[in-house]
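Structure, as C-alpha cells:
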2 protein chains.
Amino acid sequence: MNLLFKALRDPTRRRILEMLKERDLTAGQIGEAFAMTAPSISYHLDLLKQAQLVSARKRGQFVTYTLETTVLDDSLGWILDLIKKGKRK
Amino acid sequence: MNLLFKALRDPTRRRILEMLKERDLTAGQIGEAFAMTAPSISYHLDLLKQAQLVSARKRGQFVTYTLETTVLDDSLGWILDLIKKGKRK
DNA sequence: GATTTAATTAGATATTTGTCTAATTATATT
DNA sequence: AATATAATTAGACAAATATCTAATTAAATC
C-alpha cells in the first residue's frame with residue numbers, strides 16, 4: 001500500500017501508467033515521451049515495478065513493460081472505504 | 001490531482017483520514033494517536049487541507065477537522081480508468 | 001490582566017527523491 | 001571479434017519532505 005501510493009505520487013509515473021493503459025511499450029518508447037534521460041526513466045520504471053504496477057519482460061535487447069492492475073484494487077478499496085463508510089456511529 | 005496523490009503518499013496522513021472517517025476530531029485528538037509533536041501534526045493537516053481532503057473549523061480554541069470525500073472521486077475515476085479501459089485497440 | 005491551553009508559524013536539519021553523467025551489461029549487427 | 005544499440009546500475013547532487021525546537025497567536029480560566 002505504501003509502495004503503491006509512493007509510485008502514484010509522481011506525475012511522470014502516472015503518465016507512464018496512462019501510456020501503458022493503451023498498449024505495452026519498451027523502455028525506449030516510454031522514454032521518447034519525456035524530456036528526461038534514459039536512466040531517469042529507468043528509475044521511474046523500477047519504482048512502478050516495485051509497486052507491482054507494471055511488469056517487465058525482456059525480448060532480445062528490448063524490455064517491454066506491461067500495466068498490472070491487480071494491485072490497484074487495493075487502493076480502490078481503500079479509497080472507496082473512505083468515501084462510503086464515513087461518519088457512521 | 002497532484003496535491004491529492006501527494007497527500008495520500010504519507011502513511012501518517014492516510015491514518016489521519018481513516019481516523020476522520022469515524023468521526024470529526026480536533027487537532028489535539030489527532031495528535032494523541034501519533035508519536036509526533038503537535039507542529040508535525042499541524043504540518044500534515046495543512047497538506048491534507050491543501051488537497052481538500054479535510055476541512056477545518058475553529059470552535060473556541062479548538063480546531064475540528066472533517067473528512068472531505070469529494071476530491072477522492074477524481075482519484076477514484078483515474079484509477080478506475082486504468083483498471084477498466086486497459087489494452088483496448 | 002496574568003496564566004494556561006490549543007494550535008499554528010518560523011526556522012533548522014536530516015532524509016528521501018528525482019535528476020544527471022559516466023560506467024556497465026547484454027544483445028544484435030557488421 | 002568489433003561495434004552499435006537498449007537498457008540498467010553506480011555515484012553525485014539539488015530540491016522536496018518530514019521532523020524537531022522555539023516562538024507566536026488566540027481563546028479560556030484564574
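Ligands are numbered from 1 in the order shown, residues from 1 within each chain, and chains are lettered A, B, ... in the order they appear in the C-alpha cells.
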
What does chain B look like after a least-squares fit onto chain A on every Cα paired in order, written as a PDB file with N, CA and C atoms, in the first residue's frame?
ATOM      1  N   MET B   1       0.808  -1.223   0.032  1.00  0.00           N
ATOM      2  CA  MET B   1      -0.016   0.002   0.038  1.00  0.00           C
ATOM      3  C   MET B   1       0.857   1.252   0.022  1.00  0.00           C
ATOM      4  N   ASN B   2       1.959   1.147   0.764  1.00  0.00           N
ATOM      5  CA  ASN B   2       2.843   2.288   0.841  1.00  0.00           C
ATOM      6  C   ASN B   2       3.619   2.470  -0.459  1.00  0.00           C
ATOM      7  N   LEU B   3       4.144   1.369  -0.980  1.00  0.00           N
ATOM      8  CA  LEU B   3       4.862   1.414  -2.254  1.00  0.00           C
ATOM      9  C   LEU B   3       3.933   1.875  -3.364  1.00  0.00           C
ATOM     10  N   LEU B   4       2.687   1.445  -3.284  1.00  0.00           N
ATOM     11  CA  LEU B   4       1.711   1.813  -4.299  1.00  0.00           C
ATOM     12  C   LEU B   4       1.492   3.317  -4.333  1.00  0.00           C
ATOM     13  N   PHE B   5       1.174   3.890  -3.170  1.00  0.00           N
ATOM     14  CA  PHE B   5       0.924   5.330  -3.136  1.00  0.00           C
ATOM     15  C   PHE B   5       2.193   6.112  -3.436  1.00  0.00           C
ATOM     16  N   LYS B   6       3.316   5.570  -3.032  1.00  0.00           N
ATOM     17  CA  LYS B   6       4.593   6.193  -3.363  1.00  0.00           C
ATOM     18  C   LYS B   6       4.765   6.272  -4.877  1.00  0.00           C
ATOM     19  N   ALA B   7       4.435   5.175  -5.533  1.00  0.00           N
ATOM     20  CA  ALA B   7       4.575   5.122  -6.995  1.00  0.00           C
ATOM     21  C   ALA B   7       3.615   6.088  -7.683  1.00  0.00           C
ATOM     22  N   LEU B   8       2.419   6.178  -7.149  1.00  0.00           N
ATOM     23  CA  LEU B   8       1.396   7.023  -7.788  1.00  0.00           C
ATOM     24  C   LEU B   8       1.611   8.507  -7.524  1.00  0.00           C
ATOM     25  N   ARG B   9       2.494   8.822  -6.585  1.00  0.00           N
ATOM     26  CA  ARG B   9       2.682  10.207  -6.204  1.00  0.00           C
ATOM     27  C   ARG B   9       3.287  11.071  -7.328  1.00  0.00           C
ATOM     28  N   ASP B  10       4.096  10.458  -8.182  1.00  0.00           N
ATOM     29  CA  ASP B  10       4.837  11.232  -9.177  1.00  0.00           C
ATOM     30  C   ASP B  10       4.123  11.322 -10.526  1.00  0.00           C
ATOM     31  N   PRO B  11       4.022  12.532 -11.071  1.00  0.00           N
ATOM     32  CA  PRO B  11       3.309  12.782 -12.331  1.00  0.00           C
ATOM     33  C   PRO B  11       3.871  11.981 -13.503  1.00  0.00           C
ATOM     34  N   THR B  12       5.190  11.900 -13.571  1.00  0.00           N
ATOM     35  CA  THR B  12       5.823  11.136 -14.647  1.00  0.00           C
ATOM     36  C   THR B  12       5.364   9.684 -14.595  1.00  0.00           C
ATOM     37  N   ARG B  13       5.364   9.127 -13.406  1.00  0.00           N
ATOM     38  CA  ARG B  13       4.957   7.720 -13.272  1.00  0.00           C
ATOM     39  C   ARG B  13       3.483   7.539 -13.583  1.00  0.00           C
ATOM     40  N   ARG B  14       2.665   8.475 -13.184  1.00  0.00           N
ATOM     41  CA  ARG B  14       1.235   8.357 -13.497  1.00  0.00           C
ATOM     42  C   ARG B  14       1.041   8.411 -15.005  1.00  0.00           C
ATOM     43  N   ARG B  15       1.813   9.286 -15.636  1.00  0.00           N
ATOM     44  CA  ARG B  15       1.734   9.404 -17.094  1.00  0.00           C
ATOM     45  C   ARG B  15       2.143   8.092 -17.757  1.00  0.00           C
ATOM     46  N   ILE B  16       3.184   7.483 -17.271  1.00  0.00           N
ATOM     47  CA  ILE B  16       3.648   6.205 -17.815  1.00  0.00           C
ATOM     48  C   ILE B  16       2.532   5.165 -17.721  1.00  0.00           C
ATOM     49  N   LEU B  17       1.862   5.123 -16.602  1.00  0.00           N
ATOM     50  CA  LEU B  17       0.762   4.164 -16.441  1.00  0.00           C
ATOM     51  C   LEU B  17      -0.335   4.419 -17.469  1.00  0.00           C
ATOM     52  N   GLU B  18      -0.630   5.687 -17.690  1.00  0.00           N
ATOM     53  CA  GLU B  18      -1.663   6.041 -18.684  1.00  0.00           C
ATOM     54  C   GLU B  18      -1.248   5.570 -20.072  1.00  0.00           C
ATOM     55  N   MET B  19       0.037   5.722 -20.371  1.00  0.00           N
ATOM     56  CA  MET B  19       0.531   5.269 -21.673  1.00  0.00           C
ATOM     57  C   MET B  19       0.398   3.752 -21.796  1.00  0.00           C
ATOM     58  N   LEU B  20       0.744   3.062 -20.737  1.00  0.00           N
ATOM     59  CA  LEU B  20       0.705   1.592 -20.767  1.00  0.00           C
ATOM     60  C   LEU B  20      -0.728   1.063 -20.779  1.00  0.00           C
ATOM     61  N   LYS B  21      -1.658   1.916 -20.412  1.00  0.00           N
ATOM     62  CA  LYS B  21      -3.067   1.536 -20.469  1.00  0.00           C
ATOM     63  C   LYS B  21      -3.456   1.237 -21.912  1.00  0.00           C
ATOM     64  N   GLU B  22      -2.879   1.993 -22.835  1.00  0.00           N
ATOM     65  CA  GLU B  22      -3.217   1.835 -24.252  1.00  0.00           C
ATOM     66  C   GLU B  22      -2.550   0.607 -24.879  1.00  0.00           C
ATOM     67  N   ARG B  23      -1.264   0.473 -24.603  1.00  0.00           N
ATOM     68  CA  ARG B  23      -0.529  -0.674 -25.161  1.00  0.00           C
ATOM     69  C   ARG B  23       0.797  -0.887 -24.417  1.00  0.00           C
ATOM     70  N   ASP B  24       1.304  -2.086 -24.514  1.00  0.00           N
ATOM     71  CA  ASP B  24       2.622  -2.361 -23.938  1.00  0.00           C
ATOM     72  C   ASP B  24       3.666  -1.531 -24.667  1.00  0.00           C
ATOM     73  N   LEU B  25       4.697  -1.131 -23.956  1.00  0.00           N
ATOM     74  CA  LEU B  25       5.743  -0.294 -24.545  1.00  0.00           C
ATOM     75  C   LEU B  25       7.110  -0.695 -24.015  1.00  0.00           C
ATOM     76  N   THR B  26       8.121  -0.488 -24.841  1.00  0.00           N
ATOM     77  CA  THR B  26       9.486  -0.717 -24.379  1.00  0.00           C
ATOM     78  C   THR B  26       9.948   0.504 -23.579  1.00  0.00           C
ATOM     79  N   ALA B  27      11.001   0.307 -22.803  1.00  0.00           N
ATOM     80  CA  ALA B  27      11.567   1.408 -22.027  1.00  0.00           C
ATOM     81  C   ALA B  27      11.897   2.585 -22.939  1.00  0.00           C
ATOM     82  N   GLY B  28      12.448   2.290 -24.083  1.00  0.00           N
ATOM     83  CA  GLY B  28      12.814   3.327 -25.034  1.00  0.00           C
ATOM     84  C   GLY B  28      11.613   4.117 -25.526  1.00  0.00           C
ATOM     85  N   GLN B  29      10.558   3.411 -25.877  1.00  0.00           N
ATOM     86  CA  GLN B  29       9.341   4.080 -26.350  1.00  0.00           C
ATOM     87  C   GLN B  29       8.761   4.976 -25.265  1.00  0.00           C
ATOM     88  N   ILE B  30       8.812   4.516 -24.052  1.00  0.00           N
ATOM     89  CA  ILE B  30       8.313   5.326 -22.937  1.00  0.00           C
ATOM     90  C   ILE B  30       9.166   6.580 -22.804  1.00  0.00           C
ATOM     91  N   GLY B  31      10.469   6.385 -22.865  1.00  0.00           N
ATOM     92  CA  GLY B  31      11.395   7.500 -22.730  1.00  0.00           C
ATOM     93  C   GLY B  31      11.169   8.611 -23.736  1.00  0.00           C
ATOM     94  N   GLU B  32      10.828   8.222 -24.956  1.00  0.00           N
ATOM     95  CA  GLU B  32      10.597   9.223 -26.013  1.00  0.00           C
ATOM     96  C   GLU B  32       9.562  10.260 -25.624  1.00  0.00           C
ATOM     97  N   ALA B  33       8.627   9.868 -24.797  1.00  0.00           N
ATOM     98  CA  ALA B  33       7.522  10.766 -24.450  1.00  0.00           C
ATOM     99  C   ALA B  33       7.915  11.813 -23.398  1.00  0.00           C
ATOM    100  N   PHE B  34       9.118  11.699 -22.883  1.00  0.00           N
ATOM    101  CA  PHE B  34       9.512  12.609 -21.807  1.00  0.00           C
ATOM    102  C   PHE B  34      10.826  13.321 -22.107  1.00  0.00           C
ATOM    103  N   ALA B  35      10.965  14.518 -21.602  1.00  0.00           N
ATOM    104  CA  ALA B  35      12.212  15.276 -21.728  1.00  0.00           C
ATOM    105  C   ALA B  35      13.096  14.909 -20.556  1.00  0.00           C
ATOM    106  N   MET B  36      13.633  13.724 -20.617  1.00  0.00           N
ATOM    107  CA  MET B  36      14.310  13.155 -19.454  1.00  0.00           C
ATOM    108  C   MET B  36      15.258  12.075 -19.975  1.00  0.00           C
ATOM    109  N   THR B  37      16.365  11.880 -19.296  1.00  0.00           N
ATOM    110  CA  THR B  37      17.327  10.875 -19.751  1.00  0.00           C
ATOM    111  C   THR B  37      16.802   9.460 -19.522  1.00  0.00           C
ATOM    112  N   ALA B  38      17.410   8.507 -20.231  1.00  0.00           N
ATOM    113  CA  ALA B  38      17.022   7.100 -20.089  1.00  0.00           C
ATOM    114  C   ALA B  38      17.176   6.593 -18.652  1.00  0.00           C
ATOM    115  N   PRO B  39      18.264   6.907 -17.966  1.00  0.00           N
ATOM    116  CA  PRO B  39      18.388   6.444 -16.590  1.00  0.00           C
ATOM    117  C   PRO B  39      17.260   6.933 -15.686  1.00  0.00           C
ATOM    118  N   SER B  40      16.809   8.153 -15.916  1.00  0.00           N
ATOM    119  CA  SER B  40      15.702   8.666 -15.101  1.00  0.00           C
ATOM    120  C   SER B  40      14.441   7.844 -15.340  1.00  0.00           C
ATOM    121  N   ILE B  41      14.182   7.548 -16.603  1.00  0.00           N
ATOM    122  CA  ILE B  41      13.018   6.715 -16.932  1.00  0.00           C
ATOM    123  C   ILE B  41      13.173   5.341 -16.277  1.00  0.00           C
ATOM    124  N   SER B  42      14.359   4.799 -16.369  1.00  0.00           N
ATOM    125  CA  SER B  42      14.641   3.505 -15.750  1.00  0.00           C
ATOM    126  C   SER B  42      14.313   3.531 -14.257  1.00  0.00           C
ATOM    127  N   TYR B  43      14.700   4.621 -13.645  1.00  0.00           N
ATOM    128  CA  TYR B  43      14.434   4.790 -12.220  1.00  0.00           C
ATOM    129  C   TYR B  43      12.926   4.749 -11.932  1.00  0.00           C
ATOM    130  N   HIS B  44      12.165   5.467 -12.722  1.00  0.00           N
ATOM    131  CA  HIS B  44      10.711   5.496 -12.519  1.00  0.00           C
ATOM    132  C   HIS B  44      10.098   4.124 -12.789  1.00  0.00           C
ATOM    133  N   LEU B  45      10.573   3.479 -13.837  1.00  0.00           N
ATOM    134  CA  LEU B  45      10.050   2.149 -14.153  1.00  0.00           C
ATOM    135  C   LEU B  45      10.342   1.168 -13.020  1.00  0.00           C
ATOM    136  N   ASP B  46      11.491   1.342 -12.407  1.00  0.00           N
ATOM    137  CA  ASP B  46      11.840   0.470 -11.297  1.00  0.00           C
ATOM    138  C   ASP B  46      10.880   0.651 -10.122  1.00  0.00           C
ATOM    139  N   LEU B  47      10.547   1.901  -9.819  1.00  0.00           N
ATOM    140  CA  LEU B  47       9.606   2.156  -8.719  1.00  0.00           C
ATOM    141  C   LEU B  47       8.231   1.580  -9.040  1.00  0.00           C
ATOM    142  N   LEU B  48       7.825   1.711 -10.298  1.00  0.00           N
ATOM    143  CA  LEU B  48       6.527   1.157 -10.703  1.00  0.00           C
ATOM    144  C   LEU B  48       6.533  -0.365 -10.573  1.00  0.00           C
ATOM    145  N   LYS B  49       7.682  -0.946 -10.891  1.00  0.00           N
ATOM    146  CA  LYS B  49       7.813  -2.395 -10.798  1.00  0.00           C
ATOM    147  C   LYS B  49       7.756  -2.827  -9.334  1.00  0.00           C
ATOM    148  N   GLN B  50       8.472  -2.097  -8.499  1.00  0.00           N
ATOM    149  CA  GLN B  50       8.449  -2.384  -7.062  1.00  0.00           C
ATOM    150  C   GLN B  50       7.029  -2.340  -6.509  1.00  0.00           C
ATOM    151  N   ALA B  51       6.247  -1.422  -7.012  1.00  0.00           N
ATOM    152  CA  ALA B  51       4.857  -1.294  -6.545  1.00  0.00           C
ATOM    153  C   ALA B  51       3.953  -2.308  -7.224  1.00  0.00           C
ATOM    154  N   GLN B  52       4.531  -3.093  -8.111  1.00  0.00           N
ATOM    155  CA  GLN B  52       3.774  -4.101  -8.872  1.00  0.00           C
ATOM    156  C   GLN B  52       2.704  -3.483  -9.759  1.00  0.00           C
ATOM    157  N   LEU B  53       2.970  -2.263 -10.184  1.00  0.00           N
ATOM    158  CA  LEU B  53       2.039  -1.604 -11.096  1.00  0.00           C
ATOM    159  C   LEU B  53       2.381  -1.929 -12.542  1.00  0.00           C
ATOM    160  N   VAL B  54       3.586  -2.388 -12.772  1.00  0.00           N
ATOM    161  CA  VAL B  54       3.985  -2.845 -14.105  1.00  0.00           C
ATOM    162  C   VAL B  54       4.813  -4.120 -13.963  1.00  0.00           C
ATOM    163  N   SER B  55       4.841  -4.885 -15.046  1.00  0.00           N
ATOM    164  CA  SER B  55       5.759  -6.015 -15.132  1.00  0.00           C
ATOM    165  C   SER B  55       6.632  -5.776 -16.356  1.00  0.00           C
ATOM    166  N   ALA B  56       7.793  -6.427 -16.367  1.00  0.00           N
ATOM    167  CA  ALA B  56       8.731  -6.225 -17.462  1.00  0.00           C
ATOM    168  C   ALA B  56       9.149  -7.581 -18.011  1.00  0.00           C
ATOM    169  N   ARG B  57       9.199  -7.695 -19.343  1.00  0.00           N
ATOM    170  CA  ARG B  57       9.811  -8.911 -19.900  1.00  0.00           C
ATOM    171  C   ARG B  57      10.782  -8.520 -21.001  1.00  0.00           C
ATOM    172  N   LYS B  58      11.928  -9.162 -20.974  1.00  0.00           N
ATOM    173  CA  LYS B  58      12.985  -8.849 -21.920  1.00  0.00           C
ATOM    174  C   LYS B  58      12.826  -9.687 -23.180  1.00  0.00           C
ATOM    175  N   ARG B  59      12.895  -9.025 -24.327  1.00  0.00           N
ATOM    176  CA  ARG B  59      12.802  -9.703 -25.612  1.00  0.00           C
ATOM    177  C   ARG B  59      13.947  -9.155 -26.435  1.00  0.00           C
ATOM    178  N   GLY B  60      14.992  -9.943 -26.610  1.00  0.00           N
ATOM    179  CA  GLY B  60      16.178  -9.434 -27.286  1.00  0.00           C
ATOM    180  C   GLY B  60      16.788  -8.346 -26.437  1.00  0.00           C
ATOM    181  N   GLN B  61      17.153  -7.252 -27.058  1.00  0.00           N
ATOM    182  CA  GLN B  61      17.764  -6.183 -26.265  1.00  0.00           C
ATOM    183  C   GLN B  61      16.703  -5.223 -25.709  1.00  0.00           C
ATOM    184  N   PHE B  62      15.455  -5.467 -26.050  1.00  0.00           N
ATOM    185  CA  PHE B  62      14.391  -4.583 -25.577  1.00  0.00           C
ATOM    186  C   PHE B  62      13.714  -5.122 -24.320  1.00  0.00           C
ATOM    187  N   VAL B  63      13.250  -4.203 -23.512  1.00  0.00           N
ATOM    188  CA  VAL B  63      12.461  -4.599 -22.344  1.00  0.00           C
ATOM    189  C   VAL B  63      11.076  -3.988 -22.491  1.00  0.00           C
ATOM    190  N   THR B  64      10.085  -4.838 -22.532  1.00  0.00           N
ATOM    191  CA  THR B  64       8.713  -4.363 -22.714  1.00  0.00           C
ATOM    192  C   THR B  64       7.985  -4.321 -21.373  1.00  0.00           C
ATOM    193  N   TYR B  65       7.327  -3.207 -21.158  1.00  0.00           N
ATOM    194  CA  TYR B  65       6.596  -3.012 -19.901  1.00  0.00           C
ATOM    195  C   TYR B  65       5.093  -3.152 -20.111  1.00  0.00           C
ATOM    196  N   THR B  66       4.464  -3.795 -19.140  1.00  0.00           N
ATOM    197  CA  THR B  66       3.027  -4.048 -19.190  1.00  0.00           C
ATOM    198  C   THR B  66       2.375  -3.521 -17.925  1.00  0.00           C
ATOM    199  N   LEU B  67       1.229  -2.892 -18.079  1.00  0.00           N
ATOM    200  CA  LEU B  67       0.477  -2.412 -16.922  1.00  0.00           C
ATOM    201  C   LEU B  67      -0.104  -3.587 -16.149  1.00  0.00           C
ATOM    202  N   GLU B  68       0.058  -3.564 -14.844  1.00  0.00           N
ATOM    203  CA  GLU B  68      -0.538  -4.592 -13.981  1.00  0.00           C
ATOM    204  C   GLU B  68      -1.535  -3.927 -13.043  1.00  0.00           C
ATOM    205  N   THR B  69      -2.769  -4.312 -13.153  1.00  0.00           N
ATOM    206  CA  THR B  69      -3.809  -3.569 -12.422  1.00  0.00           C
ATOM    207  C   THR B  69      -4.229  -4.221 -11.100  1.00  0.00           C
ATOM    208  N   THR B  70      -3.778  -5.446 -10.895  1.00  0.00           N
ATOM    209  CA  THR B  70      -4.242  -6.162  -9.689  1.00  0.00           C
ATOM    210  C   THR B  70      -4.066  -5.340  -8.425  1.00  0.00           C
ATOM    211  N   VAL B  71      -2.886  -4.795  -8.282  1.00  0.00           N
ATOM    212  CA  VAL B  71      -2.565  -4.075  -7.054  1.00  0.00           C
ATOM    213  C   VAL B  71      -3.408  -2.805  -6.882  1.00  0.00           C
ATOM    214  N   LEU B  72      -3.957  -2.317  -7.977  1.00  0.00           N
ATOM    215  CA  LEU B  72      -4.780  -1.106  -7.888  1.00  0.00           C
ATOM    216  C   LEU B  72      -6.087  -1.362  -7.143  1.00  0.00           C
ATOM    217  N   ASP B  73      -6.511  -2.609  -7.140  1.00  0.00           N
ATOM    218  CA  ASP B  73      -7.742  -2.955  -6.428  1.00  0.00           C
ATOM    219  C   ASP B  73      -7.666  -2.572  -4.955  1.00  0.00           C
ATOM    220  N   ASP B  74      -6.501  -2.793  -4.360  1.00  0.00           N
ATOM    221  CA  ASP B  74      -6.316  -2.431  -2.957  1.00  0.00           C
ATOM    222  C   ASP B  74      -6.562  -0.948  -2.737  1.00  0.00           C
ATOM    223  N   SER B  75      -5.907  -0.145  -3.561  1.00  0.00           N
ATOM    224  CA  SER B  75      -6.034   1.299  -3.411  1.00  0.00           C
ATOM    225  C   SER B  75      -7.491   1.707  -3.615  1.00  0.00           C
ATOM    226  N   LEU B  76      -8.108   1.088  -4.582  1.00  0.00           N
ATOM    227  CA  LEU B  76      -9.505   1.372  -4.870  1.00  0.00           C
ATOM    228  C   LEU B  76     -10.347   1.074  -3.644  1.00  0.00           C
ATOM    229  N   GLY B  77     -10.112  -0.074  -3.056  1.00  0.00           N
ATOM    230  CA  GLY B  77     -10.851  -0.469  -1.864  1.00  0.00           C
ATOM    231  C   GLY B  77     -10.644   0.523  -0.739  1.00  0.00           C
ATOM    232  N   TRP B  78      -9.404   0.928  -0.565  1.00  0.00           N
ATOM    233  CA  TRP B  78      -9.088   1.856   0.517  1.00  0.00           C
ATOM    234  C   TRP B  78      -9.824   3.172   0.332  1.00  0.00           C
ATOM    235  N   ILE B  79      -9.773   3.699  -0.888  1.00  0.00           N
ATOM    236  CA  ILE B  79     -10.423   4.979  -1.176  1.00  0.00           C
ATOM    237  C   ILE B  79     -11.940   4.859  -1.070  1.00  0.00           C
ATOM    238  N   LEU B  80     -12.477   3.782  -1.613  1.00  0.00           N
ATOM    239  CA  LEU B  80     -13.922   3.571  -1.542  1.00  0.00           C
ATOM    240  C   LEU B  80     -14.391   3.540  -0.096  1.00  0.00           C
ATOM    241  N   ASP B  81     -13.654   2.851   0.733  1.00  0.00           N
ATOM    242  CA  ASP B  81     -13.961   2.795   2.159  1.00  0.00           C
ATOM    243  C   ASP B  81     -14.094   4.188   2.732  1.00  0.00           C
ATOM    244  N   LEU B  82     -13.133   5.010   2.408  1.00  0.00           N
ATOM    245  CA  LEU B  82     -13.117   6.378   2.893  1.00  0.00           C
ATOM    246  C   LEU B  82     -14.362   7.123   2.427  1.00  0.00           C
ATOM    247  N   ILE B  83     -14.711   6.926   1.194  1.00  0.00           N
ATOM    248  CA  ILE B  83     -15.848   7.646   0.625  1.00  0.00           C
ATOM    249  C   ILE B  83     -17.175   7.123   1.163  1.00  0.00           C
ATOM    250  N   LYS B  84     -17.301   5.813   1.247  1.00  0.00           N
ATOM    251  CA  LYS B  84     -18.613   5.244   1.503  1.00  0.00           C
ATOM    252  C   LYS B  84     -18.982   5.120   2.979  1.00  0.00           C
ATOM    253  N   LYS B  85     -18.033   4.675   3.777  1.00  0.00           N
ATOM    254  CA  LYS B  85     -18.381   4.365   5.159  1.00  0.00           C
ATOM    255  C   LYS B  85     -18.664   5.589   6.011  1.00  0.00           C
ATOM    256  N   GLY B  86     -18.082   6.717   5.592  1.00  0.00           N
ATOM    257  CA  GLY B  86     -17.953   7.907   6.397  1.00  0.00           C
ATOM    258  C   GLY B  86     -19.021   8.179   7.448  1.00  0.00           C
ATOM    259  N   LYS B  87     -18.535   8.591   8.628  1.00  0.00           N
ATOM    260  CA  LYS B  87     -19.395   9.185   9.639  1.00  0.00           C
ATOM    261  C   LYS B  87     -20.487   8.295  10.197  1.00  0.00           C
ATOM    262  N   ARG B  88     -20.393   6.961  10.076  1.00  0.00           N
ATOM    263  CA  ARG B  88     -21.408   6.169  10.769  1.00  0.00           C
ATOM    264  C   ARG B  88     -21.060   6.121  12.242  1.00  0.00           C
ATOM    265  N   LYS B  89     -22.049   5.772  13.068  1.00  0.00           N
ATOM    266  CA  LYS B  89     -21.978   5.757  14.552  1.00  0.00           C
ATOM    267  C   LYS B  89     -22.460   7.081  15.081  1.00  0.00           C
TER     268      LYS B  89
END

Please identify every residue of chain C that has at least one atom no more than 8 Å from any atom of chain B, counting only C-alpha atoms (C1' of nucleotides), and report them as number ranges by chain. C: 6-8

Please report, as an MDAnalysis selection string, each residue of chain B to which DSSP assigns alpha helix (DSSP H) when run on this structure's backbone. chainID B and resid 2:8 11:22 27:32 38:50 72:85

Among chain B, which ones does DSSP assign to strand (DSSP E) (computed from the backbone)? Answer as a compact mmCIF listing (two decimals) with N, CA and C atoms, in the first residue's frame.
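Saved to part37.txt:
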# COMPACT_ATOMS: atom_id res chain seq x y z
N LEU B 25 -12.56 15.17 14.47
CA LEU B 25 -11.60 15.23 15.57
C LEU B 25 -10.88 16.57 15.59
N THR B 26 -10.49 16.99 16.78
CA THR B 26 -9.68 18.20 16.88
C THR B 26 -8.22 17.84 16.58
N VAL B 54 -9.55 17.34 3.79
CA VAL B 54 -10.18 17.68 5.06
C VAL B 54 -10.55 19.17 5.04
N SER B 55 -11.52 19.50 5.89
CA SER B 55 -11.82 20.91 6.14
C SER B 55 -11.65 21.13 7.63
N ALA B 56 -11.44 22.39 8.00
CA ALA B 56 -11.21 22.72 9.40
C ALA B 56 -12.15 23.83 9.82
N ARG B 57 -12.74 23.70 11.01
CA ARG B 57 -13.48 24.85 11.54
C ARG B 57 -13.09 25.07 13.00
N LYS B 58 -12.87 26.32 13.33
CA LYS B 58 -12.43 26.68 14.66
C LYS B 58 -13.62 26.90 15.57
N ARG B 59 -13.58 26.28 16.75
CA ARG B 59 -14.64 26.44 17.74
C ARG B 59 -13.92 26.72 19.04
N PHE B 62 -10.28 25.34 19.97
CA PHE B 62 -10.08 24.07 19.28
C PHE B 62 -10.34 24.20 17.78
N VAL B 63 -9.63 23.40 17.03
CA VAL B 63 -9.89 23.33 15.59
C VAL B 63 -10.31 21.90 15.26
N THR B 64 -11.50 21.78 14.74
CA THR B 64 -12.03 20.45 14.42
C THR B 64 -11.88 20.16 12.93
N TYR B 65 -11.38 18.97 12.67
CA TYR B 65 -11.15 18.56 11.28
C TYR B 65 -12.20 17.55 10.83
N THR B 66 -12.63 17.73 9.59
CA THR B 66 -13.65 16.88 9.00
C THR B 66 -13.14 16.29 7.69
N LEU B 67 -13.42 15.02 7.47
CA LEU B 67 -13.04 14.38 6.22
C LEU B 67 -13.90 14.92 5.08

Determine which residues of chain D sit within 12 Å of chain A, taking into account only C-alpha atoms (C1' of nucleotides), and present them as a PyMOL selection string. chain D and resi 5-10

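If you look at C1' of DT21 in chain C and C1' of DA1 in chain D, they are 29.2 Å away from each other.
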
DA16 in chain D: which residues within 12 Å, counting only C-alpha atoms (C1' of nucleotides), same-chain residues fewer than 4 positions away excluded, as a list in words? Lys6 of chain B; DT15, DT16, DT17 and DG18 of chain C

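The spacing separating C1' of DT3 in chain C from C1' of DT21 in chain D amounts to 22.0 Å.
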
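Residues with any atom within 12 Å of DT13 in chain C, counting only C-alpha atoms (C1' of nucleotides) and excluding same-chain neighbours fewer than 4 positions away, are DT17, DA18, DT19, DC20 and DT21 of chain D.
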